[in-house]
file model-v7.txt (compact mmCIF, C-alpha atoms)
# COMPACT_ATOMS: atom_id res chain seq x y z
CA LEU A 1 -53.31 -120.37 117.98
CA ASN A 2 -54.45 -123.33 120.07
CA LYS A 3 -58.07 -122.26 119.75
CA ALA A 4 -57.63 -122.01 115.98
CA VAL A 5 -56.25 -125.53 115.51
CA GLY A 6 -58.37 -127.40 113.00
CA THR A 7 -60.02 -124.26 111.63
CA LYS A 8 -59.45 -122.39 108.36
CA ASP A 9 -57.47 -119.73 110.23
CA ILE A 10 -54.42 -121.99 110.16
CA PRO A 11 -53.00 -123.03 106.77
CA THR A 12 -53.47 -126.77 106.28
CA GLU A 13 -49.81 -127.39 105.58
CA VAL A 14 -48.91 -126.27 109.10
CA THR A 15 -51.98 -127.49 111.02
CA THR A 16 -50.23 -130.55 112.45
CA ALA A 17 -47.12 -128.61 113.39
CA VAL A 18 -49.19 -125.93 115.16
CA ARG A 19 -51.32 -128.57 116.89
CA ASN A 20 -48.37 -130.60 118.16
CA ASN A 21 -45.84 -127.88 118.91
CA GLY A 22 -48.27 -125.10 119.76
CA GLY A 23 -50.17 -127.52 121.97
CA GLY A 24 -47.00 -128.78 123.60
CA HIS A 25 -45.79 -125.23 124.17
CA TRP A 26 -49.05 -124.03 125.73
CA ASN A 27 -49.59 -127.18 127.78
CA HIS A 28 -46.19 -127.12 129.41
CA SER A 29 -46.17 -123.36 130.01
CA PHE A 30 -49.54 -123.86 131.73
CA PHE A 31 -48.30 -126.91 133.64
CA TRP A 32 -45.28 -125.33 135.35
CA LYS A 33 -47.54 -122.61 136.71
CA VAL A 34 -50.07 -124.97 138.30
CA LEU A 35 -47.32 -126.72 140.26
CA ALA A 36 -45.66 -125.51 143.47
CA PRO A 37 -43.25 -127.03 145.98
CA ALA A 38 -44.91 -129.38 148.46
CA GLU A 39 -45.48 -127.75 151.85
CA SER A 40 -45.48 -124.27 150.28
CA LYS A 41 -48.45 -122.07 151.10
CA GLU A 42 -49.64 -122.24 147.48
CA ALA A 43 -49.85 -126.03 147.72
CA ASP A 44 -52.06 -125.97 150.81
CA TYR A 45 -55.62 -126.45 149.53
CA GLN A 46 -57.31 -125.29 152.71
CA THR A 47 -55.64 -121.88 152.74
CA ALA A 48 -54.68 -121.32 149.10
CA ALA A 49 -57.78 -122.42 147.21
CA SER A 50 -60.41 -119.69 146.80
CA ASP A 51 -63.87 -120.09 148.31
CA GLU A 52 -65.33 -120.06 144.78
CA LEU A 53 -63.11 -122.90 143.64
CA LYS A 54 -63.80 -124.96 146.75
CA GLN A 55 -67.54 -124.47 146.30
CA ALA A 56 -67.37 -125.44 142.63
CA ILE A 57 -65.42 -128.62 143.45
CA GLU A 58 -67.88 -129.51 146.18
CA ASP A 59 -70.83 -128.82 143.84
CA GLY A 60 -69.28 -131.00 141.18
CA TRP A 61 -67.97 -133.96 143.16
CA GLY A 62 -68.98 -133.61 146.78
CA SER A 63 -65.52 -133.17 148.20
CA LEU A 64 -61.89 -132.59 147.24
CA LYS A 65 -61.10 -136.28 147.76
CA ASP A 66 -63.95 -137.36 145.50
CA PHE A 67 -62.82 -134.91 142.84
CA GLN A 68 -59.22 -136.15 143.07
CA ALA A 69 -60.39 -139.75 142.71
CA LYS A 70 -62.38 -138.93 139.58
CA PHE A 71 -59.53 -136.89 138.13
CA ASN A 72 -57.06 -139.70 138.76
CA GLU A 73 -59.43 -142.23 137.24
CA ALA A 74 -59.53 -140.18 134.04
CA ALA A 75 -55.77 -139.65 134.06
CA ALA A 76 -55.13 -143.37 134.59
CA ALA A 77 -57.38 -144.23 131.66
CA VAL A 78 -55.43 -142.19 129.10
CA PHE A 79 -53.80 -144.83 126.88
CA GLY A 80 -50.55 -143.72 125.30
CA SER A 81 -49.53 -140.07 125.60
CA GLY A 82 -51.86 -137.31 126.71
CA TRP A 83 -53.16 -135.01 129.43
CA ALA A 84 -55.93 -134.91 132.00
CA TRP A 85 -57.70 -131.58 132.61
CA LEU A 86 -60.01 -129.76 134.95
CA GLY A 87 -61.71 -126.97 133.04
CA VAL A 88 -64.68 -124.65 132.85
CA ASP A 89 -67.11 -125.54 130.08
CA ASP A 90 -69.46 -123.31 128.09
CA SER A 91 -72.13 -123.49 130.76
CA GLY A 92 -69.68 -122.35 133.47
CA LYS A 93 -69.41 -125.80 135.02
CA LEU A 94 -66.20 -127.48 136.13
CA VAL A 95 -65.54 -130.63 134.11
CA ILE A 96 -62.83 -133.29 133.93
CA SER A 97 -61.64 -134.24 130.45
CA THR A 98 -58.65 -135.85 128.76
CA THR A 99 -56.82 -135.28 125.49
CA SER A 100 -54.28 -137.31 123.57
CA ASN A 101 -50.75 -136.30 122.63
CA GLN A 102 -50.35 -132.50 122.99
CA ASP A 103 -53.97 -131.61 122.31
CA ASN A 104 -55.75 -129.48 124.89
CA PRO A 105 -59.37 -128.45 125.52
CA LEU A 106 -58.80 -125.04 123.91
CA MET A 107 -58.63 -126.79 120.53
CA LYS A 108 -62.36 -126.97 120.15
CA ALA A 109 -62.31 -127.88 116.48
CA VAL A 110 -60.42 -131.11 117.13
CA VAL A 111 -61.15 -132.31 120.67
CA LYS A 112 -64.22 -134.13 121.97
CA GLU A 113 -64.70 -131.87 124.99
CA ALA A 114 -63.78 -128.20 124.72
CA ASN A 115 -63.33 -126.13 127.86
CA THR A 116 -61.02 -123.54 129.44
CA PRO A 117 -58.39 -125.39 131.47
CA VAL A 118 -57.79 -124.45 135.10
CA LEU A 119 -55.64 -127.47 136.05
CA GLY A 120 -53.82 -129.97 133.90
CA LEU A 121 -51.68 -133.08 134.39
CA ASP A 122 -49.19 -134.39 131.86
CA VAL A 123 -49.41 -138.20 131.60
CA TRP A 124 -46.87 -138.67 128.81
CA GLU A 125 -44.33 -141.20 130.11
CA HIS A 126 -41.64 -138.52 130.20
CA ALA A 127 -43.60 -136.73 132.91
CA TYR A 128 -43.20 -139.56 135.42
CA TYR A 129 -40.96 -142.34 134.09
CA LEU A 130 -37.65 -141.52 135.77
CA LYS A 131 -39.19 -141.82 139.24
CA TYR A 132 -42.25 -144.00 138.74
CA GLN A 133 -41.46 -146.00 135.55
CA ASN A 134 -44.68 -147.74 134.50
CA LYS A 135 -46.41 -147.01 137.82
CA ARG A 136 -48.62 -144.16 136.70
CA PRO A 137 -51.05 -144.64 139.63
CA ASP A 138 -48.22 -143.82 142.08
CA TYR A 139 -47.52 -140.59 140.17
CA LEU A 140 -51.22 -139.76 140.21
CA ASN A 141 -51.45 -140.26 143.96
CA SER A 142 -48.33 -138.16 144.60
CA TRP A 143 -48.80 -135.17 142.36
CA TRP A 144 -51.54 -133.63 144.50
CA HIS A 145 -48.80 -132.66 146.97
CA VAL A 146 -47.43 -130.16 144.45
CA VAL A 147 -50.54 -128.54 142.99
CA ASN A 148 -50.55 -124.74 143.18
CA TRP A 149 -54.07 -124.06 144.38
CA GLU A 150 -53.54 -120.30 144.32
CA GLN A 151 -52.80 -120.45 140.59
CA VAL A 152 -55.66 -122.89 139.97
CA SER A 153 -58.03 -120.52 141.80
CA HIS A 154 -56.80 -117.64 139.64
CA ASN A 155 -57.26 -119.75 136.50
CA TYR A 156 -60.80 -120.55 137.65
CA GLU A 157 -61.62 -116.89 138.21
CA GLN A 158 -60.28 -116.05 134.75
CA ALA A 159 -62.19 -118.88 133.10
CA LYS A 160 -65.47 -117.85 134.75
CA ALA A 161 -64.88 -114.34 133.39
CA GLY A 162 -64.42 -115.78 129.91
CA LYS A 163 -60.68 -115.24 129.93
CA LEU A 164 -57.75 -117.59 129.48
CA PRO A 165 -55.42 -118.62 132.29
CA SER A 166 -52.05 -116.90 132.21
CA THR A 167 -49.07 -118.96 131.11
CA ALA A 168 -45.37 -118.44 131.65
CA ALA B 1 -46.81 -165.85 121.18
CA GLU B 2 -49.16 -167.76 123.44
CA ILE B 3 -51.96 -165.49 124.64
CA GLY B 4 -51.77 -164.66 128.31
CA VAL B 5 -48.31 -166.12 128.76
CA LEU B 6 -45.26 -163.92 129.30
CA PRO B 7 -42.64 -165.07 126.80
CA PRO B 8 -39.17 -165.24 128.36
CA LEU B 9 -36.52 -162.94 126.95
CA PRO B 10 -34.20 -164.85 124.61
CA TYR B 11 -31.21 -163.18 126.31
CA ASP B 12 -30.25 -161.60 129.61
CA THR B 13 -31.66 -158.13 130.39
CA THR B 14 -28.08 -156.76 130.20
CA ALA B 15 -27.45 -158.33 126.80
CA LEU B 16 -28.59 -155.39 124.68
CA GLU B 17 -26.19 -152.95 126.37
CA PRO B 18 -24.82 -150.44 125.61
CA TYR B 19 -27.50 -149.67 123.03
CA ILE B 20 -30.50 -150.52 125.18
CA ASP B 21 -29.81 -150.49 128.89
CA ASN B 22 -30.49 -153.17 131.49
CA ALA B 23 -33.09 -151.19 133.47
CA THR B 24 -35.10 -150.35 130.37
CA THR B 25 -35.15 -153.92 129.09
CA THR B 26 -36.04 -155.28 132.51
CA ILE B 27 -38.95 -152.89 133.09
CA HIS B 28 -40.06 -153.10 129.46
CA HIS B 29 -40.37 -156.87 129.58
CA ASP B 30 -41.25 -157.58 133.19
CA ARG B 31 -43.75 -154.75 133.66
CA HIS B 32 -44.97 -153.26 130.38
CA LEU B 33 -45.31 -156.50 128.41
CA TYR B 34 -46.40 -158.37 131.53
CA ALA B 35 -49.31 -155.95 132.08
CA PHE B 36 -50.59 -156.60 128.54
CA VAL B 37 -50.24 -160.35 129.06
CA VAL B 38 -52.30 -160.19 132.25
CA ASN B 39 -55.00 -158.07 130.56
CA MET B 40 -55.25 -160.48 127.65
CA ARG B 41 -55.44 -163.51 129.92
CA ALA B 42 -58.44 -161.90 131.63
CA LEU B 43 -60.03 -160.70 128.38
CA VAL B 44 -59.92 -164.07 126.65
CA GLY B 45 -60.93 -165.82 129.86
CA ASN B 46 -64.05 -163.63 130.11
CA ASN B 47 -65.01 -163.59 126.42
CA SER B 48 -65.64 -167.04 124.93
CA GLN B 49 -66.01 -165.56 121.45
CA LEU B 50 -62.28 -164.74 121.58
CA GLN B 51 -61.21 -168.27 122.46
CA GLY B 52 -59.66 -170.60 119.90
CA PHE B 53 -57.83 -167.84 118.01
CA THR B 54 -54.12 -167.15 117.85
CA LEU B 55 -52.94 -163.75 119.05
CA ALA B 56 -52.25 -162.70 115.46
CA GLU B 57 -55.77 -163.74 114.42
CA LEU B 58 -57.15 -161.68 117.30
CA GLN B 59 -55.29 -158.65 115.90
CA ARG B 60 -57.22 -159.01 112.64
CA LEU B 61 -60.43 -159.09 114.71
CA ALA B 62 -59.57 -155.90 116.62
CA GLY B 63 -61.96 -153.12 115.62
CA THR B 64 -64.55 -155.55 114.25
CA ASP B 65 -67.82 -156.51 115.94
CA VAL B 66 -66.50 -159.68 117.52
CA VAL B 67 -66.35 -157.75 120.79
CA SER B 68 -67.74 -154.33 121.65
CA GLY B 69 -67.35 -151.60 124.20
CA ALA B 70 -64.58 -151.82 126.75
CA ALA B 71 -63.56 -155.31 125.61
CA ALA B 72 -62.94 -153.99 122.09
CA LYS B 73 -60.55 -151.40 123.46
CA THR B 74 -58.75 -154.02 125.52
CA LEU B 75 -58.37 -156.20 122.45
CA GLN B 76 -56.90 -153.29 120.51
CA ASN B 77 -54.66 -151.90 123.25
CA SER B 78 -53.60 -154.91 125.29
CA GLY B 79 -53.85 -157.42 122.46
CA GLY B 80 -51.73 -155.12 120.34
CA GLY B 81 -49.38 -154.51 123.26
CA GLU B 82 -48.90 -158.22 123.83
CA TRP B 83 -48.39 -159.05 120.16
CA ASN B 84 -46.11 -156.08 119.44
CA HIS B 85 -43.77 -156.69 122.36
CA ALA B 86 -43.60 -160.45 121.81
CA LEU B 87 -42.37 -159.70 118.28
CA PHE B 88 -40.04 -156.94 119.45
CA PHE B 89 -38.05 -158.87 122.03
CA LYS B 90 -37.82 -161.87 119.74
CA HIS B 91 -36.23 -159.94 116.90
CA LEU B 92 -33.56 -158.24 118.98
CA ALA B 93 -30.21 -159.86 119.71
CA PRO B 94 -27.06 -158.78 121.52
CA ALA B 95 -24.72 -156.63 119.46
CA GLY B 96 -21.89 -158.57 117.90
CA THR B 97 -23.78 -161.88 117.77
CA PRO B 98 -24.04 -163.73 114.44
CA GLN B 99 -27.83 -163.06 114.39
CA SER B 100 -27.24 -159.32 114.47
CA MET B 101 -24.94 -159.22 111.40
CA PHE B 102 -27.09 -158.24 108.43
CA ASP B 103 -24.62 -159.43 105.79
CA THR B 104 -24.38 -162.98 107.10
CA ALA B 105 -27.63 -163.44 109.04
CA ALA B 106 -30.17 -161.88 106.67
CA SER B 107 -31.57 -164.31 104.10
CA GLN B 108 -31.16 -163.81 100.36
CA GLU B 109 -34.92 -163.42 100.14
CA LEU B 110 -35.00 -160.62 102.70
CA LYS B 111 -32.05 -158.83 101.13
CA GLY B 112 -33.67 -159.11 97.70
CA ALA B 113 -36.96 -157.76 98.99
CA ILE B 114 -35.24 -154.80 100.68
CA ASN B 115 -33.25 -153.97 97.54
CA THR B 116 -36.34 -154.22 95.35
CA ALA B 117 -38.42 -151.97 97.59
CA PHE B 118 -35.81 -149.45 98.73
CA GLY B 119 -32.71 -149.82 96.54
CA ASP B 120 -30.45 -150.88 99.34
CA PHE B 121 -30.29 -151.56 103.08
CA ASN B 122 -29.10 -148.07 104.08
CA THR B 123 -31.98 -146.42 102.25
CA MET B 124 -34.48 -148.71 103.98
CA LYS B 125 -32.86 -147.93 107.33
CA ALA B 126 -32.97 -144.18 106.66
CA GLN B 127 -36.66 -144.26 105.68
CA LEU B 128 -37.63 -146.42 108.63
CA THR B 129 -35.73 -144.08 110.93
CA THR B 130 -37.50 -141.04 109.48
CA ALA B 131 -40.85 -142.75 109.95
CA ALA B 132 -40.02 -143.69 113.55
CA ILE B 133 -38.87 -140.15 114.40
CA GLY B 134 -42.06 -138.81 112.84
CA VAL B 135 -44.37 -140.70 115.21
CA PHE B 136 -45.88 -138.07 117.53
CA GLY B 137 -46.74 -139.38 120.97
CA SER B 138 -46.62 -143.13 121.58
CA GLY B 139 -46.48 -145.67 118.79
CA TRP B 140 -44.47 -147.98 116.56
CA ALA B 141 -42.71 -147.90 113.21
CA TRP B 142 -42.86 -151.03 111.04
CA LEU B 143 -41.30 -152.75 108.07
CA ILE B 144 -44.16 -154.81 106.65
CA ALA B 145 -44.71 -157.37 103.90
CA THR B 146 -47.57 -156.55 101.56
CA ASP B 147 -48.75 -157.70 98.15
CA GLU B 148 -46.71 -154.80 96.77
CA GLY B 149 -43.55 -155.94 98.54
CA LEU B 150 -41.91 -154.48 101.62
CA GLN B 151 -43.25 -151.16 102.85
CA ILE B 152 -42.85 -148.90 105.86
CA THR B 153 -45.75 -147.74 108.02
CA THR B 154 -46.43 -146.46 111.54
CA THR B 155 -49.16 -146.97 114.11
CA PRO B 156 -50.23 -145.01 117.19
CA ASN B 157 -50.23 -146.45 120.70
CA GLN B 158 -50.32 -150.29 120.59
CA ASN B 159 -51.99 -150.57 117.22
CA ASN B 160 -50.23 -152.66 114.57
CA PRO B 161 -50.54 -153.29 110.82
CA LEU B 162 -52.38 -156.59 111.36
CA GLN B 163 -55.36 -154.65 112.77
CA THR B 164 -57.01 -154.22 109.38
CA ALA B 165 -60.25 -152.74 110.70
CA LEU B 166 -58.39 -149.91 112.46
CA ALA B 167 -55.91 -149.10 109.71
CA THR B 168 -57.81 -146.46 107.73
CA SER B 169 -58.57 -144.26 110.71
CA THR B 170 -54.87 -144.13 111.60
CA ASN B 171 -53.49 -143.88 108.06
CA THR B 172 -51.67 -147.21 108.52
CA THR B 173 -50.71 -149.48 105.65
CA VAL B 174 -52.00 -152.99 106.28
CA GLY B 175 -49.45 -155.79 106.09
CA ILE B 176 -47.54 -158.44 107.99
CA PRO B 177 -44.88 -156.96 110.28
CA VAL B 178 -41.37 -158.14 109.61
CA LEU B 179 -39.65 -155.64 111.91
CA GLY B 180 -41.08 -153.27 114.51
CA ILE B 181 -39.55 -150.42 116.51
CA ASP B 182 -41.23 -149.40 119.76
CA VAL B 183 -41.05 -145.60 120.07
CA TRP B 184 -43.04 -145.24 123.27
CA GLU B 185 -40.94 -143.22 125.70
CA HIS B 186 -40.62 -146.29 127.98
CA SER B 187 -38.49 -147.97 125.29

call {"tool": "encode", "arguments": {"input": "model-v7.txt", "output": "structure tokens"}}
result
Amino acid sequence: LNKAVGTKDIPTEVTTAVRNNGGGHWNHSFFWKVLAPAESKEADYQTAASDELKQAIEDGWGSLKDFQAKFNEAAAAVFGSGWAWLGVDDSGKLVISTTSNQDNPLMKAVVKEANTPVLGLDVWEHAYYLKYQNKRPDYLNSWWHVVNWEQVSHNYEQAKAGKLPSTA
Amino acid sequence: AEIGVLPPLPYDTTALEPYIDNATTTIHHDRHLYAFVVNMRALVGNNSQLQGFTLAELQRLAGTDVVSGAAAKTLQNSGGGEWNHALFFKHLAPAGTPQSMFDTAASQELKGAINTAFGDFNTMKAQLTTAAIGVFGSGWAWLIATDEGLQITTTPNQNNPLQTALATSTNTTVGIPVLGIDVWEHS
């Protein structure tokens, strides 16, 4: 349904509802799965991230830290509500992109950069306000402690095989 | 509002309780509005073509060629943010104060305009509420004055109905805001 947003496959009278609610549903189902408790084995990049994912991150940005900095820069720049994404594009490359509101990179008819997400971060205020209030940069610096690199690696493998990541 | 200057709240941060809580008002004014003020101070300081205008006049310039690139976005987002919040805090008052009683505080002209456009106050309130609830993501709902009388419109993010050049792309009715409701989650 997300991939069909903005196409003739979805009746125009429900396009917005599918985009907003279908997007929101997919995004959050995806999100819970790419998070894991800090200090868990899944959250330990060194041991939980696959060799393929590590290589792709290195190829793209040089190092994990450089990738995280670029990702955070994109996430910080989202004005209003939206998401930041790491995804696999049509050429098989890892790319960072952002979307507004509950759009996601699967919605290729309506987003600027389409790709298959492997990692996503919610930057709507509700995702961080209770603890961080307006201090989105603090949220961005902290969230890396709870990324589930095992799931992200699985999502990457799926995306490279032309398949979608699994959601809850 | 004076560009680049944080306007003081006309009341204490606790004054809007219980309807809007102390923490929200404090952070909203001291951090959210303050950030826009700081951005605008820098923007106008670094762009001489923006100097000599009021903040409202700058809203009308947002989206036009007076600035381009990153500065244009700052004018739209932070200029809008500064203008919108300056209006917002100014037209709130503690519950129970004379200013907050529609029957006695609203002018005959305003009441007449509301009745002409909507029938009565409760209908206007219901329509404005529906519009505000309908904003997806961050944005504002507005009661605006136009050549056709009072109307209701909404804007995304920190846009506002003074930003004529941006109105079509966001399906916003252009007009002069009379009342604005911030529906960003931080509100």

call {"tool": "atom_distance", "arguments": {"input": "model-v7.txt", "atom1": "CA of Ser100 (chain A)", "atom2": "CA of Gly137 (chain B)"}}
result
8.2 Å

call {"tool": "residues_around", "arguments": {"input": "model-v7.txt", "residues": "region 97-99 of chain A", "least_positions_apart": "4", "cutoff": "12 Å", "atoms": "all atoms listed in the file", "output": "ChimeraX atom specification"}}
result
/A:23-24,27,70-89,103-108,110-124 /B:137

call {"tool": "write_last_selection", "arguments": {"input": "model-v7.txt", "atoms": "C-alpha atoms", "output": "PDB file, in the coordinates of the input"}}
result
ATOM      1  CA  GLY A  23     -50.170-127.520 121.970  1.00  0.00           C
ATOM      2  CA  GLY A  24     -47.000-128.780 123.600  1.00  0.00           C
ATOM      3  CA  ASN A  27     -49.590-127.180 127.780  1.00  0.00           C
ATOM      4  CA  LYS A  70     -62.380-138.930 139.580  1.00  0.00           C
ATOM      5  CA  PHE A  71     -59.530-136.890 138.130  1.00  0.00           C
ATOM      6  CA  ASN A  72     -57.060-139.700 138.760  1.00  0.00           C
ATOM      7  CA  GLU A  73     -59.430-142.230 137.240  1.00  0.00           C
ATOM      8  CA  ALA A  74     -59.530-140.180 134.040  1.00  0.00           C
ATOM      9  CA  ALA A  75     -55.770-139.650 134.060  1.00  0.00           C
ATOM     10  CA  ALA A  76     -55.130-143.370 134.590  1.00  0.00           C
ATOM     11  CA  ALA A  77     -57.380-144.230 131.660  1.00  0.00           C
ATOM     12  CA  VAL A  78     -55.430-142.190 129.100  1.00  0.00           C
ATOM     13  CA  PHE A  79     -53.800-144.830 126.880  1.00  0.00           C
ATOM     14  CA  GLY A  80     -50.550-143.720 125.300  1.00  0.00           C
ATOM     15  CA  SER A  81     -49.530-140.070 125.600  1.00  0.00           C
ATOM     16  CA  GLY A  82     -51.860-137.310 126.710  1.00  0.00           C
ATOM     17  CA  TRP A  83     -53.160-135.010 129.430  1.00  0.00           C
ATOM     18  CA  ALA A  84     -55.930-134.910 132.000  1.00  0.00           C
ATOM     19  CA  TRP A  85     -57.700-131.580 132.610  1.00  0.00           C
ATOM     20  CA  LEU A  86     -60.010-129.760 134.950  1.00  0.00           C
ATOM     21  CA  GLY A  87     -61.710-126.970 133.040  1.00  0.00           C
ATOM     22  CA  VAL A  88     -64.680-124.650 132.850  1.00  0.00           C
ATOM     23  CA  ASP A  89     -67.110-125.540 130.080  1.00  0.00           C
ATOM     24  CA  ASP A 103     -53.970-131.610 122.310  1.00  0.00           C
ATOM     25  CA  ASN A 104     -55.750-129.480 124.890  1.00  0.00           C
ATOM     26  CA  PRO A 105     -59.370-128.450 125.520  1.00  0.00           C
ATOM     27  CA  LEU A 106     -58.800-125.040 123.910  1.00  0.00           C
ATOM     28  CA  MET A 107     -58.630-126.790 120.530  1.00  0.00           C
ATOM     29  CA  LYS A 108     -62.360-126.970 120.150  1.00  0.00           C
ATOM     30  CA  VAL A 110     -60.420-131.110 117.130  1.00  0.00           C
ATOM     31  CA  VAL A 111     -61.150-132.310 120.670  1.00  0.00           C
ATOM     32  CA  LYS A 112     -64.220-134.130 121.970  1.00  0.00           C
ATOM     33  CA  GLU A 113     -64.700-131.870 124.990  1.00  0.00           C
ATOM     34  CA  ALA A 114     -63.780-128.200 124.720  1.00  0.00           C
ATOM     35  CA  ASN A 115     -63.330-126.130 127.860  1.00  0.00           C
ATOM     36  CA  THR A 116     -61.020-123.540 129.440  1.00  0.00           C
ATOM     37  CA  PRO A 117     -58.390-125.390 131.470  1.00  0.00           C
ATOM     38  CA  VAL A 118     -57.790-124.450 135.100  1.00  0.00           C
ATOM     39  CA  LEU A 119     -55.640-127.470 136.050  1.00  0.00           C
ATOM     40  CA  GLY A 120     -53.820-129.970 133.900  1.00  0.00           C
ATOM     41  CA  LEU A 121     -51.680-133.080 134.390  1.00  0.00           C
ATOM     42  CA  ASP A 122     -49.190-134.390 131.860  1.00  0.00           C
ATOM     43  CA  VAL A 123     -49.410-138.200 131.600  1.00  0.00           C
ATOM     44  CA  TRP A 124     -46.870-138.670 128.810  1.00  0.00           C
TER      45      TRP A 124
ATOM     46  CA  GLY B 137     -46.740-139.380 120.970  1.00  0.00           C
TER      47      GLY B 137
END

call {"tool": "atom_distance", "arguments": {"input": "model-v7.txt", "atom1": "CA of Glu157 (chain A)", "atom2": "CA of Ser142 (chain A)"}}
result
25.9 Å

call {"tool": "interface_residues", "arguments": {"input": "model-v7.txt", "of": "chain B", "to": "chain A", "cutoff": "10 Å", "atoms": "all atoms listed in the file", "output": "MDAnalysis selection string"}}
result
chainID B and resid 24 27:28 31:32 35 77 136:139 156:158 184:186

call {"tool": "residues_around", "arguments": {"input": "model-v7.txt", "residues": "Thr13 (chain B)", "least_positions_apart": "5", "cutoff": "9 Å", "atoms": "only C-alpha atoms", "output": "PDB file with C-alpha atoms, in the coordinates of the input"}}
result
ATOM      1  CA  ASP B  21     -29.810-150.490 128.890  1.00  0.00           C
ATOM      2  CA  ASN B  22     -30.490-153.170 131.490  1.00  0.00           C
ATOM      3  CA  ALA B  23     -33.090-151.190 133.470  1.00  0.00           C
ATOM      4  CA  THR B  24     -35.100-150.350 130.370  1.00  0.00           C
ATOM      5  CA  THR B  25     -35.150-153.920 129.090  1.00  0.00           C
ATOM      6  CA  THR B  26     -36.040-155.280 132.510  1.00  0.00           C
ATOM      7  CA  HIS B  29     -40.370-156.870 129.580  1.00  0.00           C
TER       8      HIS B  29
END

call {"tool": "residues_around", "arguments": {"input": "model-v7.txt", "residues": "Gln55 (chain A)", "least_positions_apart": "2", "cutoff": "12 Å", "atoms": "all atoms listed in the file", "output": "VMD selection string"}}
result
chain A and resid 49 to 53 57 to 64 67 93 to 94 153 156

call {"tool": "atom_distance", "arguments": {"input": "model-v7.txt", "atom1": "CA of Asn160 (chain B)", "atom2": "CA of Asp138 (chain A)"}}
result
29.0 Å

call {"tool": "closest_residue", "arguments": {"input": "model-v7.txt", "among": "A:Ala127, A:Ala161, A:Glu13, A:Pro37", "to": "Tyr139 (chain A)", "atoms": "only C-alpha atoms"}}
result
A:Ala127

call {"tool": "residues_near_point", "arguments": {"input": "model-v7.txt", "point": "(-44.0, -146.5, 101.4)", "cutoff": "10 Å", "atoms": "only C-alpha atoms", "output": "mmCIF file with C-alpha atoms, in the coordinates of the input"}}
result
data_model
loop_
_atom_site.group_PDB
_atom_site.id
_atom_site.type_symbol
_atom_site.label_atom_id
_atom_site.label_comp_id
_atom_site.auth_asym_id
_atom_site.auth_seq_id
_atom_site.Cartn_x
_atom_site.Cartn_y
_atom_site.Cartn_z
ATOM 1 C CA ALA B 117 -38.420 -151.970 97.590
ATOM 2 C CA PHE B 118 -35.810 -149.450 98.730
ATOM 3 C CA GLN B 127 -36.660 -144.260 105.680
ATOM 4 C CA LEU B 128 -37.630 -146.420 108.630
ATOM 5 C CA ALA B 131 -40.850 -142.750 109.950
ATOM 6 C CA LEU B 143 -41.300 -152.750 108.070
ATOM 7 C CA ILE B 144 -44.160 -154.810 106.650
ATOM 8 C CA GLU B 148 -46.710 -154.800 96.770
ATOM 9 C CA GLY B 149 -43.550 -155.940 98.540
ATOM 10 C CA LEU B 150 -41.910 -154.480 101.620
ATOM 11 C CA GLN B 151 -43.250 -151.160 102.850
ATOM 12 C CA ILE B 152 -42.850 -148.900 105.860
ATOM 13 C CA THR B 153 -45.750 -147.740 108.020
ATOM 14 C CA THR B 173 -50.710 -149.480 105.650
#

call {"tool": "residues_around", "arguments": {"input": "model-v7.txt", "residues": "Pro94 (chain B)", "least_positions_apart": "3", "cutoff": "12 Å", "atoms": "all atoms listed in the file", "output": "PyMOL selection string"}}
result
chain B and resi 9-22+89-91+97-101

call {"tool": "residues_around", "arguments": {"input": "model-v7.txt", "residues": "Thr155 (chain B)", "least_positions_apart": "6", "cutoff": "8 Å", "atoms": "all atoms listed in the file", "output": "VMD selection string"}}
result
chain B and resid 135 139 to 141 161 170 172

call {"tool": "closest_residue", "arguments": {"input": "model-v7.txt", "among": "B:Val38, B:Ile3, B:Ala71, B:Ala93", "to": "Gly52 (chain B)", "atoms": "all atoms listed in the file"}}
result
B:Ile3

call {"tool": "closest_residue", "arguments": {"input": "model-v7.txt", "among": "B:Ala72, B:Leu33, B:Ala132, B:Leu110", "to": "Val178 (chain B)", "atoms": "only C-alpha atoms"}}
result
B:Leu110

call {"tool": "closest_residue", "arguments": {"input": "model-v7.txt", "among": "B:Leu43, B:Leu179, B:Leu87, B:Leu50", "to": "Met124 (chain B)", "atoms": "all atoms listed in the file"}}
result
B:Leu179

call {"tool": "closest_residue", "arguments": {"input": "model-v7.txt", "among": "B:Thr146, B:Asn46, B:Gly134, B:Val37", "to": "Ala17 (chain A)", "atoms": "all atoms listed in the file"}}
result
B:Gly134
